[in-house]
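Colleague: File name target.csv; file contents CSV, C-alpha atoms and all ligand atoms; full text below.
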```csv
chain,number,residue,atom,x,y,z
A,1186,MET,CA,-6.1,-17.7,46.7
A,1187,LYS,CA,-3.4,-17.7,44.0
A,1188,VAL,CA,-2.0,-20.9,45.4
A,1189,ASN,CA,-5.5,-22.4,45.3
A,1190,LEU,CA,-5.9,-21.3,41.8
A,1191,TYR,CA,-2.5,-22.9,40.9
A,1192,LEU,CA,-3.5,-26.1,42.6
A,1193,PHE,CA,-6.9,-26.0,40.8
A,1194,PHE,CA,-5.3,-25.6,37.3
A,1195,ARG,CA,-2.7,-28.2,38.2
A,1196,ALA,CA,-5.4,-30.7,39.2
A,1197,LEU,CA,-7.4,-29.8,36.1
A,1198,THR,CA,-4.6,-30.1,33.6
A,1199,GLY,CA,-2.4,-32.6,35.3
A,1200,LEU,CA,0.6,-30.4,34.5
A,1201,SER,CA,3.6,-29.4,36.7
A,1202,LEU,CA,4.4,-25.7,37.5
A,1203,ILE,CA,6.8,-25.7,34.5
A,1204,GLY,CA,4.1,-27.2,32.3
A,1205,LEU,CA,1.6,-24.5,33.4
A,1206,VAL,CA,4.2,-21.7,32.7
A,1207,TYR,CA,4.8,-23.2,29.3
A,1208,LEU,CA,1.1,-23.3,28.6
A,1209,GLY,CA,0.7,-19.7,29.8
A,1210,LEU,CA,3.5,-18.5,27.5
A,1211,THR,CA,2.1,-20.3,24.5
A,1212,PHE,CA,-1.3,-18.6,25.0
A,1213,HIS,CA,0.5,-15.3,25.4
A,1214,TRP,CA,2.3,-15.8,22.1
A,1215,ILE,CA,-0.9,-16.9,20.3
A,1216,LYS,CA,-2.6,-13.7,21.7
A,1217,LEU,CA,0.2,-11.5,20.4
A,1218,LEU,CA,0.2,-13.3,17.1
A,1219,TYR,CA,-3.4,-12.7,16.4
A,1220,ARG,CA,-3.7,-9.2,17.9
A,1221,PRO,CA,-4.6,-6.8,15.1
A,1222,PRO,CA,-2.3,-3.8,15.0
A,1223,ASN,CA,-4.6,-0.7,15.5
A,1224,VAL,CA,-6.9,-1.6,12.6
A,1225,LEU,CA,-9.9,-3.5,14.0
A,1226,ASP,CA,-11.9,-3.0,17.2
A,1227,SER,CA,-13.0,-5.8,19.5
A,1228,GLN,CA,-16.1,-6.4,17.3
A,1229,GLY,CA,-13.9,-6.8,14.2
A,1230,ASN,CA,-14.8,-3.4,12.6
A,1231,PHE,CA,-12.3,-1.0,11.2
A,1232,LEU,CA,-11.2,1.6,13.7
A,1233,PRO,CA,-12.1,5.2,12.5
A,1234,MET,CA,-8.5,6.4,12.9
A,1235,ALA,CA,-4.9,5.6,13.5
A,1236,PRO,CA,-3.4,6.4,16.9
A,1237,TRP,CA,-2.1,9.7,15.6
A,1238,SER,CA,-5.6,10.9,14.6
A,1239,ALA,CA,-5.3,10.1,10.9
A,1240,PRO,CA,-8.6,8.9,9.5
A,1241,ILE,CA,-8.7,5.4,8.1
A,1242,VAL,CA,-11.0,5.7,5.0
A,1243,ARG,CA,-13.5,2.9,4.6
A,1244,GLU,CA,-17.1,2.4,3.5
A,1245,GLY,CA,-19.4,4.4,5.9
A,1246,SER,CA,-16.7,6.9,6.9
A,1247,PHE,CA,-17.7,9.5,4.3
A,1248,ASP,CA,-20.8,10.7,2.4
A,1249,PRO,CA,-19.8,10.4,-1.3
A,1250,LYS,CA,-22.3,13.1,-2.4
A,1251,LEU,CA,-21.3,15.6,0.2
A,1252,ILE,CA,-17.5,15.1,-0.1
A,1253,ASP,CA,-17.8,15.4,-3.9
A,1254,GLU,CA,-19.6,18.8,-3.5
A,1255,ILE,CA,-16.9,20.0,-1.2
A,1256,TYR,CA,-14.1,19.1,-3.6
A,1257,LYS,CA,-15.9,20.3,-6.7
A,1258,LYS,CA,-15.4,23.9,-5.6
A,1259,LYS,CA,-11.6,23.4,-5.3
A,1260,ASN,CA,-11.0,22.8,-9.0
A,1261,ILE,CA,-8.2,20.3,-8.4
A,1262,THR,CA,-6.1,18.1,-10.7
A,1263,ILE,CA,-5.1,14.6,-9.6
A,1264,ALA,CA,-2.0,13.3,-11.4
A,1265,THR,CA,-1.7,9.5,-11.5
A,1266,THR,CA,1.5,7.7,-12.3
A,1267,VAL,CA,1.3,4.1,-13.7
A,1268,PHE,CA,4.3,2.0,-14.8
A,1269,ALA,CA,3.8,-0.6,-17.5
A,1270,LEU,CA,7.1,-2.0,-18.7
A,1271,GLY,CA,7.6,-5.2,-20.6
A,1272,LYS,CA,4.7,-7.7,-20.4
A,1273,TYR,CA,2.9,-5.5,-17.8
A,1274,THR,CA,1.5,-3.4,-20.7
A,1275,GLN,CA,-1.2,-6.2,-20.9
A,1276,PHE,CA,-2.7,-4.9,-17.6
A,1277,LEU,CA,-3.3,-1.4,-18.9
A,1278,LYS,CA,-6.5,-1.9,-20.7
A,1279,ASP,CA,-8.4,-3.3,-17.7
A,1280,PHE,CA,-6.7,-0.8,-15.4
A,1281,LEU,CA,-7.7,2.2,-17.5
A,1282,GLU,CA,-11.2,1.0,-18.5
A,1283,SER,CA,-12.1,0.2,-14.9
A,1284,ALA,CA,-10.5,3.4,-13.7
A,1285,GLU,CA,-12.7,5.4,-16.1
A,1286,GLN,CA,-15.8,3.8,-14.4
A,1287,ASN,CA,-14.6,4.4,-10.9
A,1288,TYR,CA,-11.6,6.6,-10.4
A,1289,PHE,CA,-12.3,10.3,-9.6
A,1290,VAL,CA,-15.2,10.4,-12.0
A,1291,GLY,CA,-16.2,14.1,-12.5
A,1292,PHE,CA,-12.8,15.4,-11.5
A,1293,ARG,CA,-9.7,16.3,-13.5
A,1294,VAL,CA,-7.3,13.4,-13.8
A,1295,HIS,CA,-4.1,13.2,-15.6
A,1296,TYR,CA,-2.5,9.7,-16.1
A,1297,TYR,CA,1.2,9.6,-16.7
A,1298,VAL,CA,2.0,6.1,-18.2
A,1299,PHE,CA,5.6,5.1,-18.1
A,1300,THR,CA,6.5,2.4,-20.5
A,1301,ASP,CA,9.3,1.0,-22.6
A,1302,LEU,CA,6.8,-0.1,-25.3
A,1303,PRO,CA,4.7,3.0,-26.2
A,1304,GLU,CA,3.2,1.0,-29.2
A,1305,LYS,CA,1.5,-1.4,-26.8
A,1306,ILE,CA,-0.5,1.3,-24.9
A,1307,PRO,CA,-4.1,0.6,-25.6
A,1308,ALA,CA,-6.5,3.3,-26.9
A,1309,VAL,CA,-9.0,3.7,-24.1
A,1310,LYS,CA,-11.8,6.2,-24.3
A,1311,LEU,CA,-11.3,8.6,-21.4
A,1312,GLY,CA,-14.1,10.5,-19.6
A,1313,GLU,CA,-14.5,14.2,-19.5
A,1314,ASP,CA,-11.5,16.1,-18.2
A,1315,HIS,CA,-9.4,12.9,-18.0
A,1316,HIS,CA,-6.1,13.0,-19.8
A,1317,LEU,CA,-3.2,10.6,-20.5
A,1318,THR,CA,0.4,11.2,-21.3
A,1319,VAL,CA,2.7,8.3,-22.4
A,1320,LEU,CA,6.3,8.7,-21.2
A,1321,LYS,CA,9.0,6.4,-22.7
A,1322,VAL,CA,11.6,4.9,-20.4
A,1323,ALA,CA,14.4,2.4,-20.8
A,1324,SER,CA,13.5,-1.2,-20.2
A,1325,SER,CA,15.1,-3.3,-17.5
A,1326,ASN,CA,15.7,-7.0,-17.2
A,1327,ARG,CA,15.0,-7.2,-13.5
A,1328,TRP,CA,11.5,-6.7,-12.0
A,1329,GLN,CA,12.9,-5.5,-8.8
A,1330,GLU,CA,14.7,-2.7,-10.6
A,1331,ILE,CA,11.5,-1.7,-12.5
A,1332,SER,CA,9.5,-1.6,-9.3
A,1333,LEU,CA,12.0,0.4,-7.2
A,1334,ARG,CA,13.0,2.8,-10.0
A,1335,ARG,CA,9.4,4.1,-9.8
A,1336,MET,CA,10.6,6.3,-6.9
A,1337,GLU,CA,13.3,8.0,-9.0
A,1338,ARG,CA,11.0,8.5,-11.9
A,1339,MET,CA,8.3,9.9,-9.8
A,1340,GLU,CA,10.8,12.3,-8.2
A,1341,GLU,CA,11.9,13.5,-11.7
A,1342,LEU,CA,8.3,13.8,-13.0
A,1343,ILE,CA,7.1,15.8,-10.0
A,1344,GLU,CA,10.2,18.1,-10.3
A,1345,SER,CA,9.8,18.7,-14.0
A,1346,ARG,CA,6.1,18.8,-14.4
A,1347,LEU,CA,3.7,17.9,-11.6
A,1348,LEU,CA,4.6,20.8,-9.3
A,1349,ASN,CA,3.0,23.0,-12.0
A,1350,GLU,CA,0.4,20.6,-13.4
A,1351,ALA,CA,-1.3,19.0,-10.4
A,1352,ASP,CA,-2.5,19.3,-6.8
A,1353,TYR,CA,-2.4,15.7,-5.8
A,1354,VAL,CA,-0.6,12.7,-7.1
A,1355,PHE,CA,-1.2,8.9,-6.8
A,1356,SER,CA,1.2,6.2,-7.8
A,1357,LEU,CA,-0.7,3.0,-8.5
A,1358,ASP,CA,0.4,-0.6,-9.5
A,1359,VAL,CA,-0.8,-1.4,-13.0
A,1360,ASP,CA,-1.6,-5.0,-12.3
A,1361,SER,CA,-4.8,-3.9,-10.7
A,1362,LYS,CA,-8.4,-3.3,-11.4
A,1363,PHE,CA,-11.0,-0.9,-9.9
A,1364,TYR,CA,-14.3,-2.6,-8.7
A,1365,GLY,CA,-15.8,0.4,-6.8
A,1366,ARG,CA,-15.7,4.1,-6.3
A,1367,TRP,CA,-12.3,5.6,-5.6
A,1368,GLY,CA,-12.8,9.4,-5.2
A,1369,VAL,CA,-11.9,12.5,-3.3
A,1370,GLU,CA,-12.3,10.8,0.1
A,1371,SER,CA,-8.9,9.4,-0.6
A,1372,LEU,CA,-7.2,12.8,-0.8
A,1373,GLY,CA,-4.9,14.0,1.9
A,1374,SER,CA,-1.5,15.6,2.4
A,1375,LEU,CA,0.2,12.2,2.7
A,1376,VAL,CA,-1.7,9.0,2.0
A,1377,GLY,CA,-0.8,5.3,2.5
A,1378,ALA,CA,-2.8,2.1,2.0
A,1379,ILE,CA,-2.9,-0.7,4.6
A,1380,HIS,CA,-1.7,-3.9,2.9
A,1381,PRO,CA,-4.5,-6.5,2.5
A,1382,TRP,CA,-2.4,-9.4,3.6
A,1383,TYR,CA,-1.1,-7.9,6.9
A,1384,TYR,CA,-3.8,-5.9,8.5
A,1385,LYS,CA,-4.5,-8.6,11.0
A,1386,THR,CA,-0.8,-9.4,11.7
A,1387,HIS,CA,1.1,-8.4,14.7
A,1388,LYS,CA,3.8,-5.9,13.8
A,1389,GLU,CA,6.6,-8.3,14.8
A,1390,TRP,CA,5.5,-10.4,11.9
A,1391,PHE,CA,5.4,-7.6,9.3
A,1392,PRO,CA,7.7,-8.3,6.4
A,1393,TYR,CA,9.7,-5.1,7.1
A,1394,GLU,CA,13.4,-5.1,6.2
A,1395,ARG,CA,15.1,-6.5,9.3
A,1396,ARG,CA,18.8,-6.3,8.4
A,1397,PRO,CA,20.3,-3.2,10.2
A,1398,GLU,CA,22.7,-2.8,7.2
A,1399,SER,CA,19.8,-1.6,5.0
A,1400,GLN,CA,18.4,2.0,5.2
A,1401,ALA,CA,15.0,0.4,5.2
A,1402,TYR,CA,15.7,-1.4,8.5
A,1403,ILE,CA,12.9,-1.4,11.1
A,1404,SER,CA,13.4,-3.1,14.5
A,1405,TYR,CA,11.0,-5.6,15.8
A,1406,SER,CA,9.7,-3.2,18.5
A,1407,GLU,CA,8.8,-0.5,15.9
A,1408,GLY,CA,6.1,-0.1,13.3
A,1409,ASP,CA,2.4,0.9,13.1
A,1410,TYR,CA,1.0,-0.7,10.0
A,1411,TYR,CA,2.4,-2.6,7.0
A,1412,TYR,CA,1.7,-0.3,4.0
A,1413,GLY,CA,1.4,-1.6,0.4
A,1414,GLY,CA,3.8,-0.2,-2.2
A,1415,ALA,CA,1.0,-0.4,-4.8
A,1416,VAL,CA,-0.7,2.8,-3.6
A,1417,ILE,CA,1.1,6.0,-2.6
A,1418,GLY,CA,-0.6,9.4,-2.6
A,1419,GLY,CA,-0.8,12.9,-1.3
A,1420,LEU,CA,-0.1,16.5,-2.1
A,1421,VAL,CA,2.5,16.8,-4.9
A,1422,LYS,CA,5.1,18.4,-2.7
A,1423,ASN,CA,4.8,15.7,0.0
A,1424,VAL,CA,4.9,12.8,-2.4
A,1425,TYR,CA,8.0,14.5,-3.9
A,1426,GLN,CA,9.7,14.5,-0.5
A,1427,LEU,CA,8.7,10.8,-0.1
A,1428,ALA,CA,10.0,9.7,-3.5
A,1429,LYS,CA,13.2,11.7,-3.1
A,1430,THR,CA,14.0,10.3,0.3
A,1431,CYS,CA,13.2,6.7,-0.7
A,1432,ARG,CA,15.3,7.1,-3.9
A,1433,GLU,CA,18.2,8.4,-1.8
A,1434,GLN,CA,17.9,5.5,0.6
A,1435,LEU,CA,17.6,3.0,-2.3
A,1436,ASP,CA,20.8,4.5,-3.7
A,1437,ILE,CA,22.7,4.1,-0.4
A,1438,ASP,CA,21.6,0.5,-0.2
A,1439,ALA,CA,22.7,-0.1,-3.8
A,1440,ALA,CA,26.1,1.4,-3.1
A,1441,ASN,CA,26.3,-1.0,-0.1
A,1442,SER,CA,25.2,-4.0,-2.3
A,1443,ILE,CA,22.0,-4.6,-0.3
A,1444,GLU,CA,18.5,-4.7,-1.6
A,1445,ALA,CA,15.7,-4.4,0.9
A,1446,ALA,CA,13.3,-7.4,1.3
A,1447,TRP,CA,10.5,-5.8,-0.7
A,1448,GLN,CA,12.5,-3.1,-2.5
A,1449,GLU,CA,10.8,0.3,-2.5
A,1450,GLU,CA,7.9,-1.0,-0.4
A,1451,SER,CA,10.4,-1.6,2.4
A,1452,HIS,CA,11.7,2.0,2.1
A,1453,LEU,CA,8.2,3.3,1.9
A,1454,ASN,CA,7.3,1.6,5.2
A,1455,LYS,CA,10.4,3.1,6.8
A,1456,TYR,CA,9.5,6.5,5.5
A,1457,PHE,CA,5.9,6.2,6.8
A,1458,LEU,CA,7.3,5.2,10.2
A,1459,TYR,CA,8.9,8.6,10.7
A,1460,ASN,CA,6.5,10.6,8.4
A,1461,LYS,CA,3.1,9.3,9.4
A,1462,PRO,CA,0.5,9.4,6.7
A,1463,SER,CA,-2.2,12.1,7.4
A,1464,LYS,CA,-4.8,9.7,5.9
A,1465,LEU,CA,-4.8,5.9,5.7
A,1466,LEU,CA,-6.8,3.9,3.1
A,1467,SER,CA,-8.3,0.8,4.4
A,1468,PRO,CA,-7.7,-2.4,2.4
A,1469,GLU,CA,-10.9,-1.6,0.5
A,1470,TYR,CA,-8.5,0.5,-1.6
A,1471,LEU,CA,-5.8,-2.1,-1.9
A,1472,TRP,CA,-7.2,-5.6,-2.1
A,1473,ASP,CA,-5.9,-8.8,-3.9
A,1474,ASP,CA,-8.1,-10.9,-6.2
A,1475,ARG,CA,-6.5,-14.0,-4.6
A,1476,LYS,CA,-7.8,-13.1,-1.2
A,1477,PRO,CA,-11.5,-13.9,-0.4
A,1478,LYS,CA,-13.5,-10.9,0.9
A,1479,THR,CA,-13.6,-10.7,4.7
A,1480,PRO,CA,-16.6,-9.5,6.8
A,1481,GLU,CA,-14.9,-6.2,7.7
A,1482,ILE,CA,-14.4,-5.3,4.1
A,1483,LYS,CA,-17.8,-4.0,2.9
A,1484,ILE,CA,-16.7,-3.1,-0.6
A,1485,ILE,CA,-13.6,-3.8,-2.7
A,1486,ARG,CA,-12.6,-0.7,-4.6
A,1487,PHE,CA,-9.2,-1.5,-6.1
A,1488,SER,CA,-7.5,-4.9,-6.2
A,1489,GLN,CA,-4.4,-6.6,-7.5
A,1490,VAL,CA,-5.4,-9.0,-10.3
A,1491,TYR,CA,-4.1,-12.5,-10.6
A,1492,LYS,CA,-0.9,-12.8,-12.5
A,1493,ASN,CA,1.4,-15.6,-13.5
A,1494,TYR,CA,4.7,-14.3,-12.1
A,1495,HIS,CA,6.8,-16.7,-14.2
A,1496,GLU,CA,5.1,-15.7,-17.4
A,1497,ILE,CA,5.1,-11.9,-17.1
A,1498,ARG,CA,8.2,-11.0,-15.1
A,1499,PRO,CA,11.5,-10.6,-17.0
A,1500,ASN,CA,13.4,-12.6,-14.3
A,1501,PRO,CA,12.4,-15.1,-11.6
B,1,LIG,N1,6.3,-3.4,-13.2
B,1,LIG,C1,6.3,-3.3,-14.6
B,1,LIG,N2,7.0,-4.3,-15.3
B,1,LIG,C2,7.6,-5.4,-14.7
B,1,LIG,C3,7.5,-5.4,-13.3
B,1,LIG,C4,6.9,-4.4,-12.6
B,1,LIG,O1,5.8,-2.4,-15.2
B,1,LIG,O2,8.1,-6.2,-15.4
B,1,LIG,C5,5.6,-2.3,-12.5
B,1,LIG,C6,4.1,-2.4,-12.6
B,1,LIG,O3,3.6,-1.1,-12.5
B,1,LIG,C7,3.7,-3.2,-11.3
B,1,LIG,C8,4.7,-2.6,-10.3
B,1,LIG,O4,5.9,-2.4,-11.1
B,1,LIG,O5,2.4,-3.0,-11.0
B,1,LIG,C9,5.1,-3.5,-9.1
B,1,LIG,O6,5.4,-4.8,-9.5
B,1,LIG,P1,4.5,-6.1,-9.2
B,1,LIG,O7,3.1,-5.7,-9.4
B,1,LIG,O8,5.1,-7.2,-10.0
B,1,LIG,O9,4.8,-6.3,-7.7
B,1,LIG,P2,3.8,-7.0,-6.7
B,1,LIG,O10,2.6,-6.1,-6.6
B,1,LIG,O11,3.5,-8.4,-7.2
B,1,LIG,O12,4.6,-7.0,-5.4
B,2,MN,MN,1.4,-5.3,-8.2
```
Would you kindly transcribe this structure into structure tokens?

Modeller:
Amino acid sequence: MKVNLYLFFRALTGLSLIGLVYLGLTFHWIKLLYRPPNVLDSQGNFLPMAPWSAPIVREGSFDPKLIDEIYKKKNITIATTVFALGKYTQFLKDFLESAEQNYFVGFRVHYYVFTDLPEKIPAVKLGEDHHLTVLKVASSNRWQEISLRRMERMEELIESRLLNEADYVFSLDVDSKFYGRWGVESLGSLVGAIHPWYYKTHKEWFPYERRPESQAYISYSEGDYYYGGAVIGGLVKNVYQLAKTCREQLDIDAANSIEAAWQEESHLNKYFLYNKPSKLLSPEYLWDDRKPKTPEIKIIRFSQVYKNYHEIRPNP
């Protein structure tokens, strides 16, 4: 039967045995290339959870009214760290104004805005029980350094203040805007967001750090998801552990004169590989304005805005 099938395909394609094997391998690779990594089902809808039973939060997976009622009774504070150094202060107005329309409305929120230019922080009217503290930090002339130093500064802030001042903490990229509700459904002991550009990519093609010399190294056979560095969250003590570990790994890399492919995002992905998030946010919670909406995304809640890299970053 097998031989007949072989002869049939051979007659059909006019290829030799080697040609058919080659064709088979090509199809196999194409299949691997396009196989989504534990994110979508065969119908193209988001799976309800990761293979370790962590929910993937998306439209339809929660009842906003009910979940708000549950958390109202808990009297929680959500700390939110935002970094706006150099020209990135220009993003703060839209970030904060859109947050005030959508981000934990009706819950206690405390923004901690890190900046080297406190005079550039816009005055935005905050909703009830929403607070903002400006923290001055030294400027840097490398964007990579600004981005990765967030881990160290988060570690310090949690140690000095947040352990007493908040229950949960989120670290969010400032070059972003809220377009829809982001509420208590996003809370969990350790929370990561699935990166909008890689949720349909096979893990071998994730932009993980692939050089074994880096502490962020992940081999081609490992990995669950590619998480975005623009959103990190969880219970204060868990995010502290994450920030501290990533900072230590970044320090070891720096001592060895190696910088991971995507700085702290690479170290975050390494951390999440061994400390799996208890909750995952679907790309509804981390989209990109440059990316057209796809059918599986029912609502865009938070998105990276368009930016002219050459104009706003201190270095290429
Ligand atoms: N950032 C900043 N000033 C800079 C570069 C980066 O404040 O000059 C902060 C800012 O909070 C930004 C984050 O670091 O959202 C991550 O950098 P960026 O958004 O440029 O990285 P991308 O999202 O493009 O990978
Ligand atoms: Mn960004």

Colleague: Around ligand MN 2 (chain B), at most 7 Å away and counting all atoms listed in the file, which residues are there? Put them as a PyMOL selection string, please.

Modeller: chain A and resi 1358-1361+1415+1489

Colleague: From the options A:Gln1329, A:Asn1441, A:Ser1227, A:Asn1423, which residue's atoms come nearest to ligand LIG 1 (chain B), counting only C-alpha atoms and all ligand atoms?

Modeller: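 Using only C-alpha atoms and all ligand atoms, ligand LIG 1 (chain B) sits closest to A:Gln1329.
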
Colleague: Have a look at A:Phe1457, A:Phe1299, A:Tyr1402, A:Tyr1410 and name the one nearest to Thr1274 (chain A); count all atoms listed in the file.

Modeller: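 Among A:Phe1457, A:Phe1299, A:Tyr1402, A:Tyr1410, it is A:Phe1299 that comes nearest to Thr1274 (chain A).
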
Colleague: Find the spatial neighbours of Phe1268 (chain A), counting only C-alpha atoms, within a cut-off of 12 Å - ignore same-chain residues fewer than 3 positions away - and output them as a PyMOL selection string.

Modeller: chain A and resi 1265+1271-1277+1280+1296-1303+1306+1318-1324+1328+1331-1336+1338-1339+1355-1361+1415

Colleague: Mind checking which residues fall within 8 Å of region 1465-1470 of chain A, counting all atoms listed in the file, ignoring those fewer than 6 positions away in the same chain, and posting them as a PyMOL selection string?

Modeller: chain A and resi 1235+1239-1244+1367+1371+1376-1381+1482-1488

Colleague: Extract, using all atoms listed in the file, all DNA, RNA and protein residues at most 12 Å from Ser1374 (chain A), discarding same-chain residues fewer than 4 positions from it, and format them as number ranges by chain.

Modeller: A: 1239, 1352-1355, 1417-1427, 1460-1465

Colleague: Go through A:Val1416, A:Val1224, A:Ile1443, A:Val1294 and flag the residue nearest ligand LIG 1 (chain B), using all atoms listed in the file for the distances.

Modeller: A:Val1416

Colleague: From the options A:Pro1392, A:Thr1386, A:Ser1325, A:Ala1269, which residue's atoms come nearest to Glu1304 (chain A), counting all atoms listed in the file?

Modeller: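 Between A:Pro1392, A:Thr1386, A:Ser1325, A:Ala1269, the residue approaching Glu1304 (chain A) most closely is A:Ala1269.
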
Colleague: Under the rule that all atoms listed in the file are counted, which of A:Cys1431, A:His1316, A:Pro1236, A:Ser1442 is the nearest residue to Asp1409 (chain A)?

Modeller: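 Once distances to Asp1409 (chain A) are computed over all atoms listed in the file, the minimum belongs to A:Pro1236.
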
Colleague: Write out as a ChimeraX atom specification each polymer residue whose atoms come within 10 Å of Gly1408 (chain A), counting only C-alpha atoms; drop sequence neighbours fewer than 6 positions from it.

Modeller: /A:1222,1387-1389,1391,1393,1454-1455,1457-1459

Colleague: Grab the CA of Tyr1456 (chain A) to CA of Asp1436 (chain A) distance for me, in Å with one decimal place.

Modeller: 14.7 Å

Colleague: When you count all atoms listed in the file, which of these residues is closest to Ala1439 (chain A): A:Asn1230, A:Thr1211, A:Ser1399, A:Ser1404?

Modeller: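 Closest candidate: A:Ser1399.
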
Colleague: Considering all atoms listed in the file, return as number ranges by chain whatever protein or nucleic-acid residues lie within 12 Å of Asn1260 (chain A), sequence-local ones (same chain, fewer than 5 positions apart) excluded.

Modeller: A: 1253-1255, 1291-1294, 1314, 1351-1353, 1369

Colleague: CA of Pro1233 (chain A) and CA of Ser1246 (chain A), how far apart in Å?

Modeller: 7.4 Å

Colleague: Could you jot down the CA of Leu1225 (chain A) to CA of Tyr1405 (chain A) separation for me, Å, one decimal place?

Modeller: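 Interatomic distance, CA of Leu1225 (chain A) to CA of Tyr1405 (chain A): 21.1 Å.
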